[in-house]
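Asks: The structure under discussion is supplied below as structure tokens; questions concerning it will follow.
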Amino acid sequence: MDWYSTVFELIDMRSFSNLWFWIALAVMWSTTSHWVLGVPWDMVLRAQRDSGQYEDDLLDIVRINTNRLLHIGSVSGLWLLGFACFFLTMLGMLGFLYGYEFAQALFLLGFPMSLIGALSLSTARLIREEDAAGARLQQLMFRQRTITQVIGMISIFVTALWGMYQNLTYGVLG
């Protein structure tokens, strides 16, 4: 028996039937929901509950991360946008036009994260333009997290539906 066929028989190399894909999906969205603009959500809650030093710490870390995001966006934003559009288009075509399941899985992971990236850049610009602090900063962070969670729920739902369809098609019909 061939070594490759033994390995591929032992390990299911399809994406949507692989437990590691679903673990990666869950970890990706829980991490993305916890780290809002690179700031851990518990810092926002602590600053909301107990002002003073916690609020100053939140303001400092948000200022550092928004400056970092906006610098990356201004220096290499067009290049990053071009590469992201190229790779997402390539994954979308390979996955849904040519039927490669791995490309479908990567597209379903990457496309919603590109939306989160654009939203993060927009929120960082808004924080800098308004020079947000205190309650307004917490409100913007809350809005960013809420929209991130909504995108995550929709993404998980669509990915689960598509994955179940792929598994049923491959297992029963294919």
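Naming works like this for the structure tokens: A, B, ... for the chains as they're shown, residue 1 at the start of each chain, ligands 1 onward in shown order.
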Could you give me, as a ChimeraX atom specification, the residues within 9 Å of region 54-62 of chain A, counting only C-alpha atoms and dropping anything in the same chain fewer than 6 positions from it?

Replies: /A:37-39,43-44,46-48,124,127,132-134,137

Asks: What parts of chain A does DSSP call alpha helix (DSSP H)? I'd like the answer as a ChimeraX atom specification.

Replies: /A:3-10,19-34,41-49,53-92,101-130,134-168

Asks: Once DSSP has gone over the backbone, tell me which residues of region 8-125 of chain A are in strand (DSSP E or B), as a PyMOL selection string.

Replies: chain A and resi 35-36+39-40

Asks: Emit the selected residues as a tab-separated table (two decimals), in the first residue's frame, including N, CA and C atoms.

Replies:
```tsv
chain	number	residue	atom	x	y	z
A	35	TRP	N	-10.16	40.88	21.86
A	35	TRP	CA	-9.17	41.93	21.61
A	35	TRP	C	-9.78	42.96	20.65
A	36	VAL	N	-10.31	44.03	21.18
A	36	VAL	CA	-10.94	45.09	20.40
A	36	VAL	C	-9.90	46.17	20.13
A	39	VAL	N	-6.92	45.86	22.18
A	39	VAL	CA	-7.07	46.12	23.61
A	39	VAL	C	-7.92	44.99	24.20
A	40	PRO	N	-7.45	44.36	25.28
A	40	PRO	CA	-8.28	43.32	25.88
A	40	PRO	C	-9.57	43.90	26.46
```

Asks: Contacts of Phe102 (chain A) at 12 Å or less, counting only C-alpha atoms, minus same-chain residues fewer than 2 places along, as a PyMOL selection string?

Replies: chain A and resi 13-18+21+91-96+98-100+104-109+163+166

Asks: Counting only C-alpha atoms, which of A:Gln149, A:Gln138, A:Ser114, A:Asn167 gets nearest to Trp29 (chain A)?

Replies: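 Selected residue with least distance to Trp29 (chain A): A:Gln149.
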
Asks: What's the 10 Å shell around region 67-69 of chain A, counting only C-alpha atoms, without same-chain residues fewer than 2 positions away, as a PyMOL selection string?

Replies: chain A and resi 37-38+61-65+71-74+77+117+120-122+124-125+127-128

Asks: Take the residues that were just selected and, keeping all heavy atoms, output them as a CSV table (one decimal), in the first residue's frame.

Replies:
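Final output, out.csv:
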```csv
chain,number,residue,atom,x,y,z
A,37,LEU,N,-9.5,46.3,18.9
A,37,LEU,CA,-8.5,47.3,18.5
A,37,LEU,C,-7.2,47.0,19.2
A,37,LEU,O,-6.4,47.8,19.5
A,37,LEU,CB,-8.9,48.7,18.7
A,37,LEU,CG,-10.0,49.3,17.9
A,37,LEU,CD1,-10.3,50.7,18.4
A,37,LEU,CD2,-9.7,49.3,16.5
A,38,GLY,N,-6.9,45.7,19.5
A,38,GLY,CA,-5.7,45.3,20.2
A,38,GLY,C,-5.7,45.5,21.7
A,38,GLY,O,-4.7,45.3,22.3
A,61,ILE,N,-3.4,52.7,26.1
A,61,ILE,CA,-3.2,51.6,25.2
A,61,ILE,C,-4.1,51.7,23.9
A,61,ILE,O,-3.6,51.3,22.8
A,61,ILE,CB,-3.6,50.2,25.9
A,61,ILE,CG1,-3.0,49.1,25.1
A,61,ILE,CG2,-5.0,50.1,26.2
A,61,ILE,CD1,-3.0,47.7,25.8
A,62,VAL,N,-5.2,52.4,24.0
A,62,VAL,CA,-6.0,52.7,22.8
A,62,VAL,C,-5.2,53.7,21.9
A,62,VAL,O,-5.2,53.5,20.7
A,62,VAL,CB,-7.4,53.2,23.2
A,62,VAL,CG1,-8.1,53.7,21.9
A,62,VAL,CG2,-8.2,52.1,23.8
A,63,ARG,N,-4.6,54.7,22.5
A,63,ARG,CA,-3.9,55.7,21.7
A,63,ARG,C,-2.7,55.0,21.0
A,63,ARG,O,-2.5,55.2,19.8
A,63,ARG,CB,-3.3,56.8,22.6
A,63,ARG,CG,-2.5,57.8,21.9
A,63,ARG,CD,-1.9,58.8,22.9
A,63,ARG,NE,-1.3,58.2,24.1
A,63,ARG,CZ,0.0,57.7,24.1
A,63,ARG,NH1,0.7,57.7,23.0
A,63,ARG,NH2,0.5,57.2,25.2
A,64,ILE,N,-2.0,54.1,21.7
A,64,ILE,CA,-0.9,53.4,21.1
A,64,ILE,C,-1.4,52.5,19.9
A,64,ILE,O,-0.8,52.5,18.8
A,64,ILE,CB,-0.1,52.6,22.1
A,64,ILE,CG1,0.6,53.5,23.1
A,64,ILE,CG2,0.8,51.6,21.5
A,64,ILE,CD1,1.1,52.8,24.3
A,65,ASN,N,-2.4,51.8,20.1
A,65,ASN,CA,-2.9,50.8,19.1
A,65,ASN,C,-3.6,51.6,17.9
A,65,ASN,O,-3.4,51.1,16.8
A,65,ASN,CB,-3.9,49.8,19.7
A,65,ASN,CG,-3.1,48.8,20.5
A,65,ASN,OD1,-2.0,48.5,20.3
A,65,ASN,ND2,-3.8,48.3,21.5
A,71,HIS,N,-0.9,54.3,11.3
A,71,HIS,CA,0.4,54.4,10.6
A,71,HIS,C,0.5,53.3,9.6
A,71,HIS,O,0.9,53.5,8.5
A,71,HIS,CB,1.5,54.3,11.7
A,71,HIS,CG,2.8,54.3,11.0
A,71,HIS,ND1,3.4,55.4,10.5
A,71,HIS,CD2,3.8,53.3,10.9
A,71,HIS,CE1,4.6,55.1,10.0
A,71,HIS,NE2,4.8,53.8,10.2
A,72,ILE,N,0.1,52.0,10.0
A,72,ILE,CA,0.2,50.9,9.0
A,72,ILE,C,-0.7,51.2,7.8
A,72,ILE,O,-0.4,51.0,6.7
A,72,ILE,CB,-0.2,49.6,9.7
A,72,ILE,CG1,0.9,49.2,10.7
A,72,ILE,CG2,-0.4,48.5,8.7
A,72,ILE,CD1,0.5,48.0,11.6
A,73,GLY,N,-1.9,51.7,8.1
A,73,GLY,CA,-2.8,52.1,7.0
A,73,GLY,C,-2.3,53.1,6.1
A,73,GLY,O,-2.5,53.1,4.9
A,74,SER,N,-1.7,54.1,6.7
A,74,SER,CA,-1.2,55.2,5.8
A,74,SER,C,0.1,54.9,5.0
A,74,SER,O,0.3,55.3,3.9
A,74,SER,CB,-1.0,56.5,6.6
A,74,SER,OG,0.1,56.3,7.5
A,77,GLY,N,-1.2,50.8,3.4
A,77,GLY,CA,-2.6,50.5,3.3
A,77,GLY,C,-3.0,50.0,1.9
A,77,GLY,O,-3.8,49.1,1.8
A,117,GLY,N,-11.1,44.1,9.9
A,117,GLY,CA,-9.9,44.9,9.7
A,117,GLY,C,-10.3,46.3,9.2
A,117,GLY,O,-9.8,47.3,9.7
A,120,SER,N,-12.0,48.1,12.1
A,120,SER,CA,-11.0,48.5,13.1
A,120,SER,C,-10.3,49.8,12.6
A,120,SER,O,-10.1,50.7,13.4
A,120,SER,CB,-10.0,47.4,13.3
A,120,SER,OG,-10.6,46.3,13.9
A,121,LEU,N,-10.0,49.9,11.3
A,121,LEU,CA,-9.3,51.1,10.8
A,121,LEU,C,-10.3,52.3,10.9
A,121,LEU,O,-9.8,53.4,11.2
A,121,LEU,CB,-8.9,50.8,9.4
A,121,LEU,CG,-7.9,51.8,8.7
A,121,LEU,CD1,-6.6,51.8,9.6
A,121,LEU,CD2,-7.5,51.3,7.3
A,122,SER,N,-11.5,52.1,10.6
A,122,SER,CA,-12.5,53.1,10.6
A,122,SER,C,-12.7,53.6,12.1
A,122,SER,O,-12.8,54.8,12.3
A,122,SER,CB,-13.8,52.6,10.0
A,122,SER,OG,-14.9,53.6,10.2
A,124,ALA,N,-10.5,53.4,14.5
A,124,ALA,CA,-9.3,54.0,14.9
A,124,ALA,C,-9.3,55.5,14.4
A,124,ALA,O,-8.9,56.4,15.1
A,124,ALA,CB,-8.1,53.2,14.4
A,125,ARG,N,-9.7,55.7,13.1
A,125,ARG,CA,-9.7,57.0,12.6
A,125,ARG,C,-10.7,57.9,13.4
A,125,ARG,O,-10.5,59.1,13.7
A,125,ARG,CB,-10.2,57.0,11.1
A,125,ARG,CG,-9.0,56.7,10.2
A,125,ARG,CD,-9.3,57.2,8.8
A,125,ARG,NE,-8.2,56.9,8.0
A,125,ARG,CZ,-8.2,55.9,7.1
A,125,ARG,NH1,-9.3,55.2,6.9
A,125,ARG,NH2,-7.1,55.6,6.4
A,127,ILE,N,-11.7,57.5,16.5
A,127,ILE,CA,-11.1,57.8,17.8
A,127,ILE,C,-10.1,58.9,17.7
A,127,ILE,O,-10.1,59.9,18.6
A,127,ILE,CB,-10.5,56.5,18.4
A,127,ILE,CG1,-11.6,55.6,18.8
A,127,ILE,CG2,-9.6,56.9,19.6
A,127,ILE,CD1,-11.1,54.2,19.2
A,128,ARG,N,-9.3,58.9,16.7
A,128,ARG,CA,-8.3,60.0,16.6
A,128,ARG,C,-8.9,61.3,16.2
A,128,ARG,O,-8.6,62.4,16.8
A,128,ARG,CB,-7.2,59.6,15.6
A,128,ARG,CG,-6.2,60.8,15.5
A,128,ARG,CD,-5.2,60.6,14.4
A,128,ARG,NE,-4.1,59.7,14.8
A,128,ARG,CZ,-3.2,59.3,14.0
A,128,ARG,NH1,-3.2,59.7,12.7
A,128,ARG,NH2,-2.2,58.6,14.4
```

Asks: In terms of the shortest atom-to-atom distance over only C-alpha atoms, which of A:Ala135, A:Ala103, A:Ile23, A:Leu78 is closest to Met90 (chain A)?

Replies: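 That would be A:Ala103, the residue with the smallest distance to Met90 (chain A).
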
Asks: Counting only C-alpha atoms, which of A:Ala26, A:Leu119, A:Leu97, A:Leu19 gets nearest to Phe157 (chain A)?

Replies: A:Ala26
